[in-house]
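Asks: One file: protein_37.cif (mmCIF, C-alpha atoms).
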```
data_data
#
loop_
_atom_site.label_atom_id
_atom_site.label_comp_id
_atom_site.auth_asym_id
_atom_site.auth_seq_id
_atom_site.Cartn_x
_atom_site.Cartn_y
_atom_site.Cartn_z
CA MET A 1 19.84 20.93 -18.48
CA LYS A 2 22.20 18.49 -20.19
CA GLU A 3 21.82 14.75 -19.82
CA GLY A 4 23.62 13.64 -16.68
CA SER A 5 23.88 17.14 -15.22
CA PHE A 6 22.37 18.39 -11.96
CA PRO A 7 21.16 21.80 -10.78
CA SER A 8 23.96 23.72 -9.07
CA ASP A 9 21.85 24.22 -5.93
CA PHE A 10 21.33 20.47 -5.69
CA ILE A 11 25.07 19.80 -6.04
CA LYS A 12 25.78 22.32 -3.28
CA SER A 13 23.13 20.73 -1.08
CA MET A 14 24.70 17.28 -1.53
CA ASN A 15 28.17 18.68 -0.89
CA ASP A 16 26.93 20.13 2.39
CA LEU A 17 25.28 16.83 3.29
CA LEU A 18 27.97 14.34 2.25
CA GLY A 19 31.19 16.32 1.75
CA LYS A 20 33.72 14.43 -0.37
CA ASN A 21 31.34 11.50 -0.79
CA SER A 22 28.86 13.61 -2.73
CA SER A 23 30.62 12.80 -6.01
CA GLU A 24 29.92 9.09 -5.46
CA LEU A 25 26.24 9.84 -4.89
CA LEU A 26 25.99 12.02 -8.01
CA GLU A 27 27.68 9.34 -10.07
CA SER A 28 25.24 6.72 -8.79
CA LEU A 29 22.32 8.94 -9.81
CA ASN A 30 23.44 8.57 -13.42
CA SER A 31 23.61 4.77 -13.21
CA LYS A 32 20.97 2.19 -14.09
CA PRO A 33 18.05 1.98 -11.62
CA VAL A 34 17.58 -1.19 -9.60
CA THR A 35 14.31 -3.11 -9.95
CA ALA A 36 12.79 -4.94 -7.00
CA ILE A 37 9.52 -6.70 -6.20
CA ARG A 38 7.71 -7.75 -3.05
CA ARG A 39 5.89 -11.07 -3.21
CA HIS A 40 2.38 -11.63 -1.88
CA PRO A 41 2.56 -13.82 1.24
CA TYR A 42 -0.17 -16.20 0.07
CA LYS A 43 -0.35 -15.93 -3.71
CA GLY A 44 1.92 -17.25 -6.41
CA LYS A 45 5.15 -19.16 -5.93
CA SER A 46 6.46 -19.57 -2.41
CA GLU A 47 10.06 -19.10 -3.59
CA GLN A 48 11.67 -16.98 -6.29
CA ASN A 49 14.44 -19.30 -7.44
CA GLY A 50 17.63 -17.60 -8.55
CA LEU A 51 16.63 -14.12 -7.38
CA LYS A 52 18.63 -12.19 -4.82
CA ARG A 53 16.82 -11.48 -1.56
CA ILE A 54 16.39 -7.99 -0.11
CA PRO A 55 17.96 -8.42 3.34
CA TRP A 56 15.43 -6.37 5.36
CA SER A 57 12.30 -7.68 3.60
CA SER A 58 11.12 -11.26 4.07
CA LEU A 59 9.20 -11.15 0.77
CA GLY A 60 11.44 -8.81 -1.24
CA TYR A 61 13.62 -9.73 -4.23
CA TYR A 62 15.85 -7.96 -6.72
CA LEU A 63 15.31 -8.54 -10.44
CA ASP A 64 18.25 -8.80 -12.85
CA GLU A 65 16.34 -6.86 -15.50
CA ARG A 66 13.15 -4.84 -15.57
CA PRO A 67 10.58 -6.88 -17.52
CA SER A 68 7.35 -5.68 -19.09
CA PHE A 69 5.13 -6.02 -16.04
CA VAL A 70 2.05 -5.06 -18.04
CA ARG A 71 2.43 -8.29 -20.03
CA ASP A 72 2.77 -10.50 -16.96
CA PRO A 73 -0.61 -11.92 -15.89
CA HIS A 74 0.84 -12.78 -12.47
CA PHE A 75 1.32 -9.06 -11.85
CA HIS A 76 -2.36 -8.37 -12.58
CA ALA A 77 -3.34 -11.27 -10.31
CA GLY A 78 -1.61 -9.53 -7.40
CA THR A 79 1.01 -12.22 -6.78
CA TYR A 80 3.67 -9.51 -6.36
CA TYR A 81 4.07 -5.74 -6.17
CA VAL A 82 6.84 -3.73 -7.87
CA GLN A 83 8.45 -1.73 -5.07
CA ASP A 84 11.89 -0.24 -4.51
CA ALA A 85 14.01 -2.13 -2.01
CA ALA A 86 14.44 0.85 0.33
CA SER A 87 10.68 1.37 0.59
CA GLN A 88 10.39 -2.20 1.84
CA PHE A 89 12.37 -1.17 4.95
CA ILE A 90 8.96 -0.45 6.48
CA GLU A 91 8.97 -4.14 7.44
CA TYR A 92 12.13 -3.72 9.53
CA ILE A 93 10.47 -0.90 11.48
CA PHE A 94 7.06 -2.58 11.75
CA ARG A 95 8.49 -5.75 13.28
CA LYS A 96 10.30 -3.76 15.98
CA LEU A 97 7.23 -1.86 17.18
CA LYS A 98 5.86 -2.84 20.57
CA TRP A 99 2.15 -3.34 20.03
CA ASN A 100 -0.34 -3.22 22.88
CA ARG A 101 -3.22 -4.56 20.80
CA LYS A 102 -3.86 -7.77 18.93
CA HIS A 103 -5.81 -5.87 16.27
CA PRO A 104 -4.03 -2.53 15.73
CA LEU A 105 -5.59 0.39 13.90
CA VAL A 106 -3.25 1.65 11.17
CA LEU A 107 -3.52 4.70 8.91
CA ASP A 108 -1.61 5.23 5.66
CA LEU A 109 -2.23 8.94 5.21
CA SER A 110 -0.78 9.44 1.72
CA ALA A 111 -1.19 5.96 0.34
CA ALA A 112 -1.09 6.00 -3.49
CA PRO A 113 -0.05 4.09 -5.47
CA GLY A 114 -0.36 1.46 -2.75
CA GLY A 115 3.09 0.02 -2.11
CA LYS A 116 3.17 0.70 1.59
CA SER A 117 -0.54 -0.03 2.11
CA THR A 118 -0.27 -3.47 0.53
CA HIS A 119 2.93 -4.06 2.49
CA LEU A 120 1.19 -3.12 5.73
CA LEU A 121 -1.67 -5.50 4.93
CA SER A 122 0.84 -8.30 4.44
CA LEU A 123 2.60 -7.46 7.71
CA MET A 124 -0.70 -7.22 9.62
CA ASP A 125 -1.63 -10.64 8.21
CA GLY A 126 -5.37 -10.10 8.35
CA LYS A 127 -5.33 -8.70 11.90
CA GLY A 128 -6.32 -5.15 12.76
CA LEU A 129 -7.67 -2.55 10.37
CA LEU A 130 -5.94 -0.33 7.80
CA LEU A 131 -7.36 2.99 6.65
CA ALA A 132 -5.72 3.89 3.33
CA ASN A 133 -6.14 7.52 2.26
CA GLU A 134 -5.07 9.40 -0.87
CA VAL A 135 -6.16 13.01 -1.33
CA ASN A 136 -5.58 13.04 -5.11
CA ARG A 137 -8.65 11.46 -6.73
CA LYS A 138 -6.81 10.14 -9.81
CA ARG A 139 -4.11 8.57 -7.67
CA TYR A 140 -6.80 7.18 -5.38
CA GLN A 141 -8.08 5.07 -8.29
CA ILE A 142 -4.62 3.52 -8.66
CA LEU A 143 -4.50 2.88 -4.91
CA ASN A 144 -7.92 1.26 -5.04
CA GLU A 145 -6.89 -1.07 -7.87
CA ASN A 146 -3.78 -2.23 -6.01
CA LEU A 147 -5.68 -2.81 -2.78
CA ILE A 148 -8.21 -4.90 -4.67
CA LYS A 149 -5.50 -7.00 -6.32
CA TRP A 150 -3.85 -7.65 -2.94
CA GLY A 151 -6.89 -9.60 -1.76
CA PHE A 152 -7.21 -8.75 1.96
CA ASP A 153 -10.44 -7.44 3.48
CA ASN A 154 -9.27 -5.72 6.68
CA TYR A 155 -9.12 -2.23 5.22
CA LEU A 156 -11.09 0.91 4.45
CA SER A 157 -10.08 3.47 1.84
CA THR A 158 -10.93 7.08 1.16
CA SER A 159 -9.75 10.26 -0.56
CA LEU A 160 -9.72 13.15 1.91
CA ASP A 161 -7.49 16.02 2.93
CA PRO A 162 -5.61 15.08 6.12
CA SER A 163 -7.39 17.92 7.95
CA ARG A 164 -10.71 16.06 7.51
CA ILE A 165 -9.29 12.78 8.76
CA SER A 166 -7.71 14.44 11.81
CA ARG A 167 -11.21 14.96 13.24
CA LEU A 168 -10.94 11.30 14.29
CA GLY A 169 -8.47 12.39 16.95
CA GLY A 170 -5.88 10.07 18.50
CA LEU A 171 -7.41 6.85 17.23
CA PHE A 172 -4.55 5.03 15.52
CA ASP A 173 -1.85 2.77 16.89
CA LEU A 174 0.29 3.58 13.84
CA VAL A 175 0.16 6.44 11.34
CA LEU A 176 2.35 6.21 8.24
CA LEU A 177 3.04 9.33 6.20
CA ASP A 178 5.01 8.77 3.01
CA ALA A 179 5.10 12.49 2.33
CA PRO A 180 5.02 14.29 -1.03
CA CYS A 181 8.57 15.47 -1.59
CA SER A 182 11.05 16.93 -4.08
CA GLY A 183 12.03 13.46 -5.29
CA GLU A 184 15.82 13.76 -5.14
CA GLY A 185 16.15 10.05 -4.45
CA LEU A 186 14.39 9.25 -7.74
CA PHE A 187 16.69 11.22 -10.05
CA ARG A 188 18.04 8.16 -11.88
CA LYS A 189 14.61 6.52 -12.05
CA ASP A 190 12.48 9.51 -12.97
CA ARG A 191 13.90 12.10 -15.36
CA ASN A 192 11.05 14.50 -14.62
CA ALA A 193 12.01 14.60 -10.94
CA ARG A 194 15.46 15.88 -11.92
CA ASP A 195 14.15 18.39 -14.44
CA GLU A 196 11.57 19.81 -12.03
CA TRP A 197 13.88 20.11 -9.02
CA SER A 198 14.64 23.55 -7.60
CA ALA A 199 15.52 25.01 -4.22
CA ALA A 200 12.17 26.80 -4.28
CA ASN A 201 10.37 23.48 -4.78
CA VAL A 202 12.24 21.99 -1.82
CA ASN A 203 10.90 24.83 0.32
CA LEU A 204 7.40 24.32 -1.08
CA CYS A 205 7.55 20.59 -0.29
CA SER A 206 8.87 21.30 3.18
CA ASP A 207 5.96 23.64 3.93
CA ARG A 208 3.48 21.03 2.66
CA GLN A 209 5.09 18.30 4.76
CA THR A 210 4.87 20.46 7.88
CA ARG A 211 1.17 21.08 7.26
CA ILE A 212 0.42 17.38 6.78
CA LEU A 213 2.49 16.36 9.80
CA HIS A 214 0.56 18.87 11.89
CA GLU A 215 -2.59 16.88 11.09
CA ALA A 216 -0.90 13.47 11.25
CA LYS A 217 0.34 13.94 14.81
CA LYS A 218 -3.23 14.45 16.04
CA LEU A 219 -4.20 11.00 14.78
CA VAL A 220 -1.66 9.00 16.80
CA LYS A 221 -2.94 7.62 20.09
CA PRO A 222 -0.80 8.05 23.23
CA GLY A 223 1.91 5.40 23.07
CA GLY A 224 1.30 4.95 19.33
CA TYR A 225 3.78 5.41 16.51
CA LEU A 226 4.25 7.75 13.55
CA ILE A 227 6.38 6.62 10.62
CA TYR A 228 7.54 9.44 8.34
CA SER A 229 9.25 8.82 5.01
CA THR A 230 10.33 10.63 1.84
CA CYS A 231 12.22 9.75 -1.33
CA THR A 232 14.59 12.68 -0.97
CA PHE A 233 17.98 13.42 0.63
CA ASN A 234 17.99 16.95 2.05
CA SER A 235 17.62 17.58 5.78
CA LYS A 236 14.99 20.27 5.28
CA GLU A 237 12.45 17.68 4.16
CA ASN A 238 13.68 15.00 6.53
CA GLU A 239 15.35 15.54 9.91
CA GLU A 240 14.13 19.11 10.25
CA GLN A 241 10.54 17.92 9.86
CA LEU A 242 11.00 15.63 12.84
CA GLU A 243 11.99 18.50 15.13
CA MET A 244 8.43 19.81 15.15
CA LEU A 245 7.19 16.42 16.36
CA LEU A 246 9.92 16.06 18.96
CA ASN A 247 8.83 19.43 20.37
CA ASN A 248 5.14 18.47 20.32
CA GLY A 249 4.61 15.36 22.37
CA PHE A 250 6.71 12.80 20.45
CA ASP A 251 9.97 11.07 21.28
CA TRP A 252 12.23 8.41 19.84
CA PRO A 253 10.88 4.90 20.51
CA ASP A 254 12.62 2.40 22.73
CA MET A 255 13.84 0.03 20.04
CA GLU A 256 17.16 -1.38 18.89
CA THR A 257 18.12 0.05 15.48
CA ASP A 258 21.92 -0.18 15.27
CA ASP A 259 21.68 -3.49 13.42
CA ALA A 260 20.59 -1.57 10.31
CA ARG A 261 24.17 -0.38 9.89
CA LYS A 262 25.26 -3.85 8.72
CA TRP A 263 23.45 -3.13 5.43
CA GLN A 264 25.13 0.33 5.11
CA VAL A 265 21.89 2.04 6.00
CA GLU A 266 22.86 5.36 7.55
CA LEU A 267 21.40 5.96 11.02
CA THR A 268 21.13 9.75 11.35
CA ARG A 269 19.06 9.78 14.57
CA PRO A 270 18.07 7.06 17.08
CA ALA A 271 15.37 5.80 14.70
CA ALA A 272 15.91 7.73 11.45
CA PHE A 273 17.39 5.98 8.40
CA ARG A 274 18.87 7.17 5.10
CA PHE A 275 19.36 5.10 1.97
CA TYR A 276 21.92 6.23 -0.60
CA PRO A 277 22.10 4.53 -4.01
CA HIS A 278 25.91 4.66 -4.03
CA LEU A 279 25.93 2.48 -0.89
CA LEU A 280 22.89 0.24 -1.39
CA GLU A 281 20.95 -1.47 -4.15
CA SER A 282 18.05 0.97 -3.91
CA GLU A 283 16.90 4.45 -4.79
CA GLY A 284 17.27 7.32 -2.33
CA PHE A 285 15.01 7.08 0.70
CA PHE A 286 14.55 8.46 4.20
CA VAL A 287 12.36 6.96 6.93
CA ALA A 288 11.99 7.59 10.66
CA VAL A 289 9.68 6.40 13.43
CA LEU A 290 8.62 8.40 16.49
CA GLN A 291 6.40 7.47 19.42
CA ARG A 292 3.77 9.66 21.02
CA LYS A 293 4.34 10.23 24.71
CA GLU A 294 1.94 8.53 27.07
CA GLU A 295 1.49 11.59 29.28
CA ASN A 296 -0.51 13.32 26.54
CA ILE A 297 -3.54 11.07 27.00
CA GLY A 298 -5.89 13.96 27.74
CA ALA A 299 -4.50 16.39 25.17
CA THR A 300 -6.10 15.25 21.92
CA ALA A 301 -8.04 12.12 22.77
CA SER A 302 -10.10 10.49 20.05
CA VAL A 303 -13.42 12.13 19.26
CA ILE A 304 -14.81 8.73 18.34
CA HIS A 305 -17.85 7.60 20.29
CA ASN A 306 -19.85 4.41 20.11
CA ALA A 307 -21.18 3.95 16.59
CA SER A 308 -24.68 2.70 16.00
CA GLY A 309 -23.62 0.79 12.89
CA ASN A 310 -26.59 1.69 10.70
CA LEU A 311 -25.26 -0.21 7.71
CA ARG A 312 -27.40 -3.09 6.56
CA GLN A 313 -26.24 -6.39 8.02
CA GLU A 314 -26.46 -9.76 6.37
CA SER A 315 -29.23 -12.25 6.73
CA GLU A 316 -28.62 -15.92 7.36
CA LYS A 317 -29.83 -16.55 3.81
CA PHE A 318 -27.13 -14.30 2.41
CA ARG A 319 -24.47 -15.97 4.56
CA LYS A 320 -25.43 -19.32 3.08
CA GLN A 321 -25.29 -17.91 -0.45
CA ILE A 322 -21.83 -16.46 0.01
CA SER A 323 -20.41 -19.41 1.95
CA PRO A 324 -19.12 -21.26 -1.13
CA PHE A 325 -16.78 -18.36 -1.88
CA VAL A 326 -14.90 -17.46 1.29
CA ARG A 327 -12.96 -19.48 3.86
CA GLY A 328 -13.15 -18.58 7.55
CA LEU A 329 -16.78 -17.58 7.25
CA GLU A 330 -17.34 -17.59 11.00
CA GLU A 331 -14.73 -14.81 11.38
CA ARG A 332 -16.30 -12.49 8.80
CA PHE A 333 -19.01 -9.86 8.97
CA PHE A 334 -20.97 -9.09 5.81
CA LEU A 335 -22.44 -5.66 5.22
CA GLN A 336 -24.03 -3.74 2.40
CA PHE A 337 -21.98 -0.74 1.34
CA ASN A 338 -22.74 1.42 -1.70
CA ARG A 339 -25.33 -1.12 -2.96
CA SER A 340 -22.77 -3.93 -2.95
CA TRP A 341 -22.00 -6.56 -0.33
CA SER A 342 -18.60 -6.48 1.35
CA SER A 343 -16.80 -8.39 4.05
CA LEU A 344 -14.78 -7.27 7.06
CA PRO A 345 -13.16 -9.31 9.79
CA GLU A 346 -15.56 -9.55 12.73
CA ALA A 347 -12.80 -8.47 15.13
CA VAL A 348 -12.46 -4.98 13.59
CA LEU A 349 -16.09 -4.29 12.81
CA GLY A 350 -16.59 -1.83 15.67
CA SER A 351 -13.59 0.25 14.69
CA ALA A 352 -14.63 0.22 11.03
CA LEU A 353 -18.15 1.42 11.80
CA GLN A 354 -16.81 4.17 14.03
CA ILE A 355 -14.65 5.50 11.23
CA ILE A 356 -17.41 5.19 8.63
CA GLU A 357 -19.80 7.23 10.77
CA HIS A 358 -17.35 10.10 11.27
CA ILE A 359 -15.65 10.58 7.91
CA PRO A 360 -16.66 9.78 4.30
CA VAL A 361 -15.29 6.33 3.45
CA TYR A 362 -15.25 5.39 -0.23
CA LYS A 363 -14.63 1.68 0.21
CA SER A 364 -15.31 -0.62 3.14
CA GLY A 365 -13.66 -4.02 3.24
CA ALA A 366 -13.46 -6.35 0.26
CA GLU A 367 -16.34 -6.24 -2.20
CA LEU A 368 -18.07 -9.56 -2.70
CA GLY A 369 -20.71 -8.76 -5.30
CA THR A 370 -24.30 -7.73 -5.85
CA PHE A 371 -27.66 -9.41 -6.26
CA LYS A 372 -29.72 -9.07 -9.41
CA GLY A 373 -33.00 -10.49 -8.32
CA LYS A 374 -32.12 -13.84 -6.78
CA SER A 375 -28.92 -14.19 -8.79
CA PHE A 376 -25.54 -13.36 -7.22
CA VAL A 377 -23.07 -11.45 -9.45
CA PRO A 378 -19.55 -11.88 -8.00
CA ALA A 379 -17.25 -8.86 -7.82
CA HIS A 380 -13.78 -8.84 -9.32
CA GLU A 381 -12.38 -8.32 -5.83
CA LEU A 382 -13.88 -11.62 -4.74
CA ALA A 383 -11.72 -13.41 -7.30
CA MET A 384 -8.64 -11.54 -6.04
CA ARG A 385 -8.99 -12.77 -2.44
CA PHE A 386 -6.16 -14.94 -1.19
CA ASP A 387 -8.69 -16.83 0.98
CA LEU A 388 -11.03 -17.54 -1.92
CA ASN A 389 -12.69 -20.93 -2.04
CA ARG A 390 -12.34 -22.17 -5.59
CA SER A 391 -15.82 -23.64 -5.59
CA TYR A 392 -16.51 -22.54 -9.18
CA PRO A 393 -14.83 -23.96 -12.30
CA VAL A 394 -11.32 -22.63 -12.92
CA LEU A 395 -10.40 -22.18 -16.60
CA GLU A 396 -6.68 -22.13 -17.32
CA LEU A 397 -5.51 -19.83 -20.15
CA ASP A 398 -2.27 -19.57 -22.10
CA ARG A 399 -0.38 -16.27 -21.92
CA ASP A 400 -1.74 -14.72 -25.12
CA THR A 401 -5.34 -15.52 -24.22
CA ALA A 402 -4.78 -14.27 -20.68
CA ILE A 403 -3.56 -10.94 -22.11
CA GLN A 404 -6.67 -10.78 -24.28
CA TYR A 405 -8.79 -11.39 -21.19
CA LEU A 406 -6.97 -8.61 -19.27
CA ALA A 407 -7.61 -6.27 -22.21
CA LYS A 408 -11.29 -7.15 -21.83
CA GLN A 409 -11.44 -8.65 -25.30
CA ALA A 410 -13.57 -11.58 -26.34
CA ILE A 411 -11.90 -14.92 -25.57
CA GLN A 412 -12.54 -18.54 -26.42
CA VAL A 413 -12.51 -21.13 -23.64
CA SER A 414 -13.38 -24.76 -23.44
CA SER A 415 -15.84 -25.55 -20.66
CA LYS A 416 -18.49 -28.23 -20.35
CA GLU A 417 -20.14 -26.31 -17.49
CA LYS A 418 -22.18 -23.15 -18.02
CA GLY A 419 -22.34 -20.19 -15.69
CA TRP A 420 -19.72 -18.42 -13.59
CA ALA A 421 -16.09 -19.51 -13.86
CA MET A 422 -12.74 -18.15 -12.75
CA ILE A 423 -9.96 -17.41 -15.21
CA SER A 424 -6.45 -18.53 -14.28
CA PHE A 425 -2.93 -18.24 -15.67
CA GLU A 426 -0.40 -20.72 -14.28
CA GLY A 427 -2.49 -21.04 -11.14
CA SER A 428 -2.99 -17.31 -10.58
CA ILE A 429 -6.63 -16.17 -10.61
CA LEU A 430 -7.27 -13.19 -12.92
CA GLY A 431 -11.03 -12.69 -12.62
CA TRP A 432 -14.46 -13.91 -13.74
CA VAL A 433 -16.17 -14.98 -16.92
CA LYS A 434 -19.67 -16.27 -17.49
CA VAL A 435 -19.91 -19.17 -19.88
CA LEU A 436 -23.09 -19.06 -21.95
CA PRO A 437 -24.23 -21.12 -24.94
CA GLY A 438 -22.12 -19.97 -27.88
CA ARG A 439 -20.17 -17.24 -26.10
CA VAL A 440 -18.17 -16.25 -23.04
CA ASN A 441 -18.84 -12.94 -21.26
CA ASN A 442 -15.65 -11.28 -20.02
CA TYR A 443 -16.19 -9.72 -16.57
CA PHE A 444 -12.74 -8.21 -16.11
CA PRO A 445 -13.28 -4.62 -14.82
CA THR A 446 -13.34 -2.05 -17.59
CA ALA A 447 -11.47 0.46 -15.39
CA PHE A 448 -8.54 -1.98 -14.96
CA ARG A 449 -8.30 -3.27 -18.53
CA LEU A 450 -5.01 -3.19 -20.43
CA ARG A 451 -4.92 -0.46 -23.03
CA LYS A 452 -1.36 -0.79 -24.29
CA PHE A 453 0.28 -4.18 -24.50
#
```
Let me see the structure of the file written as structure tokens.
Replies:
Amino acid sequence: MKEGSFPSDFIKSMNDLLGKNSSELLESLNSKPVTAIRRHPYKGKSEQNGLKRIPWSSLGYYLDERPSFVRDPHFHAGTYYVQDAASQFIEYIFRKLKWNRKHPLVLDLSAAPGGKSTHLLSLMDGKGLLLANEVNRKRYQILNENLIKWGFDNYLSTSLDPSRISRLGGLFDLVLLDAPCSGEGLFRKDRNARDEWSAANVNLCSDRQTRILHEAKKLVKPGGYLIYSTCTFNSKENEEQLEMLLNNGFDWPDMETDDARKWQVELTRPAAFRFYPHLLESEGFFVAVLQRKEENIGATASVIHNASGNLRQESEKFRKQISPFVRGLEERFFLQFNRSWSSLPEAVLGSALQIIEHIPVYKSGAELGTFKGKSFVPAHELAMRFDLNRSYPVLELDRDTAIQYLAKQAIQVSSKEKGWAMISFEGSILGWVKVLPGRVNNYFPTAFRLRKF
């Protein structure tokens, strides 16, 4: 395939979809990709001066150029997430949903690398509980790193096939499936997506999407919502997938969506949206939201029963030891999970324990640390919390030293106090060190360290 060319079957598919406008789309797929970020609601700068706002995302901005994110300590501190503008349209949908609960249960069924999970955590604003799942174990590690950097504690994460999670039944107020797809919308951003495209692969992706949706629909409670998205254009992977749901207990939600047209977002169904890069500053994207009908309450009700909660709970002594670290202590529940102490919001504890008792959960809440004898060893995730009390010394580094720290190299710092300290770059916390006589121990996680910079 020559540079700039497209498979003939793809061209035909776009001609069928867009007619005479297909040439504009194909031309846009050979243009320069657009770079966008989504800011953390509580970390970093409150404003991004001089950057253009993404109109449907309250925290989204376009960048003029794509920088080297790996060399930006603020990126590693979780002050922003690199995410295409179209993918941030989840916020538009989320804010229009009619919730019946103050603390909704949300499932991101195919969550890696973490863009939509971290976005959901921002939108939930510490309320409710998110279960983030990624079946691919290598991609799960990336998801886990991004969840840790984002600094919330109202989530669980795991790596299971959707068929195993569906045993939970209709538990969730919202299920999000960003489905594996043929990647047509990423052709200008990802050369491999273009090279690997074929009509046969579209069919393969479509079959996989149907299988996952079959499990996903079981997990939505009556009256709850299912958001389905892909980064592709063709109807086979998009609108045709929705037909199965519309014939199996789902309908379009009662929500106003016509206002999306002002941004040149194409509305192909009452609540189904297409993003074309020749019309918008984004990559190709499709997203739709459906609502499960209330009359199906008895059909696939949740199999969840009262959980006994056999995880070890905290003692008052432990609560006093951890109190210097975390704000809002009275609203948190501390539990021991995988030999480490974690925190969860008290309001979602029951739901979390129910899930933990019925499916394997790899991570529960935000890790705080472990005890070695009577000494508390803080976890990296504790430093990443947006609600962290900075009760320990904070050591400010210049950029070069901060990069050395992120590469888990030996660093030199000036500190009159010995013991645990937090490392900061321009006010953004990067992690922990322990200052000892004559040396500084770098506690940045080995698994997250920079290898190429």
Asks: With distances taken over all atoms listed in the file, which of A:His214, A:Arg339, A:Arg399, A:Arg261 is nearest to A:Phe273?
Replies: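 Checking each candidate against A:Phe273, we get A:Arg261 as the closest.
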Asks: Under the rule that all atoms listed in the file are counted, which of A:Leu25, A:Lys363, A:Glu294, A:Lys236 is the nearest residue to A:Ile11?
Replies: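 For A:Ile11, the nearest of the candidates is A:Leu25.
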Asks: Just to confirm, what's the straight-line distance from atom CA of A:Glu240 to atom CA of A:Ala200 in Å (one decimal)?
Replies: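 Interatomic distance here is 16.6 Å.
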Asks: Please measure the separation of atom CA of A:Arg332 and atom CA of A:Ala421, giving the value in Å to one decimal.
Replies: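 Separation of atom CA of A:Arg332 and atom CA of A:Ala421: 23.7 Å.
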Asks: So which residues get picked by the PyMOL selection byres ((chain A and resi 245-249) around 7) here, written as a CSV table (one decimal) with C-alpha atoms, in the frame of the given file?
Replies:
```csv
chain,number,residue,atom,x,y,z
A,242,LEU,CA,11.0,15.6,12.8
A,243,GLU,CA,12.0,18.5,15.1
A,244,MET,CA,8.4,19.8,15.2
A,250,PHE,CA,6.7,12.8,20.4
A,251,ASP,CA,10.0,11.1,21.3
A,292,ARG,CA,3.8,9.7,21.0
A,293,LYS,CA,4.3,10.2,24.7
A,296,ASN,CA,-0.5,13.3,26.5
```
Asks: For A:Arg390, which residue among A:Ile423, A:Ile355, A:Leu168, A:Ile148 is the nearest when counting only C-alpha atoms?
Replies: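 Looking only at the distances to A:Arg390, the closest residue turns out to be A:Ile423.
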Asks: How many Å separate atom CA of A:Pro55 from atom CA of A:Asp258?
Replies: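 Distance between the two atoms: 15.0 Å.
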Asks: May I ask which of the residues A:Lys20, A:His74, A:Arg274, A:Lys12 is the closest one to A:Gly44, counting all atoms listed in the file?
Replies: A:His74
Asks: Using all atoms listed in the file, which of the listed residues (A:Leu129, A:Ile212, A:Leu430, A:Leu17) sits closest to A:Arg449?
Replies: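 With all atoms listed in the file as the atom set, the closest residue is A:Leu430.
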Asks: Counting only C-alpha atoms, which residue out of A:Tyr155, A:Tyr81, A:Phe334, A:Phe10 sits closest to A:Asp108?
Replies: A:Tyr155
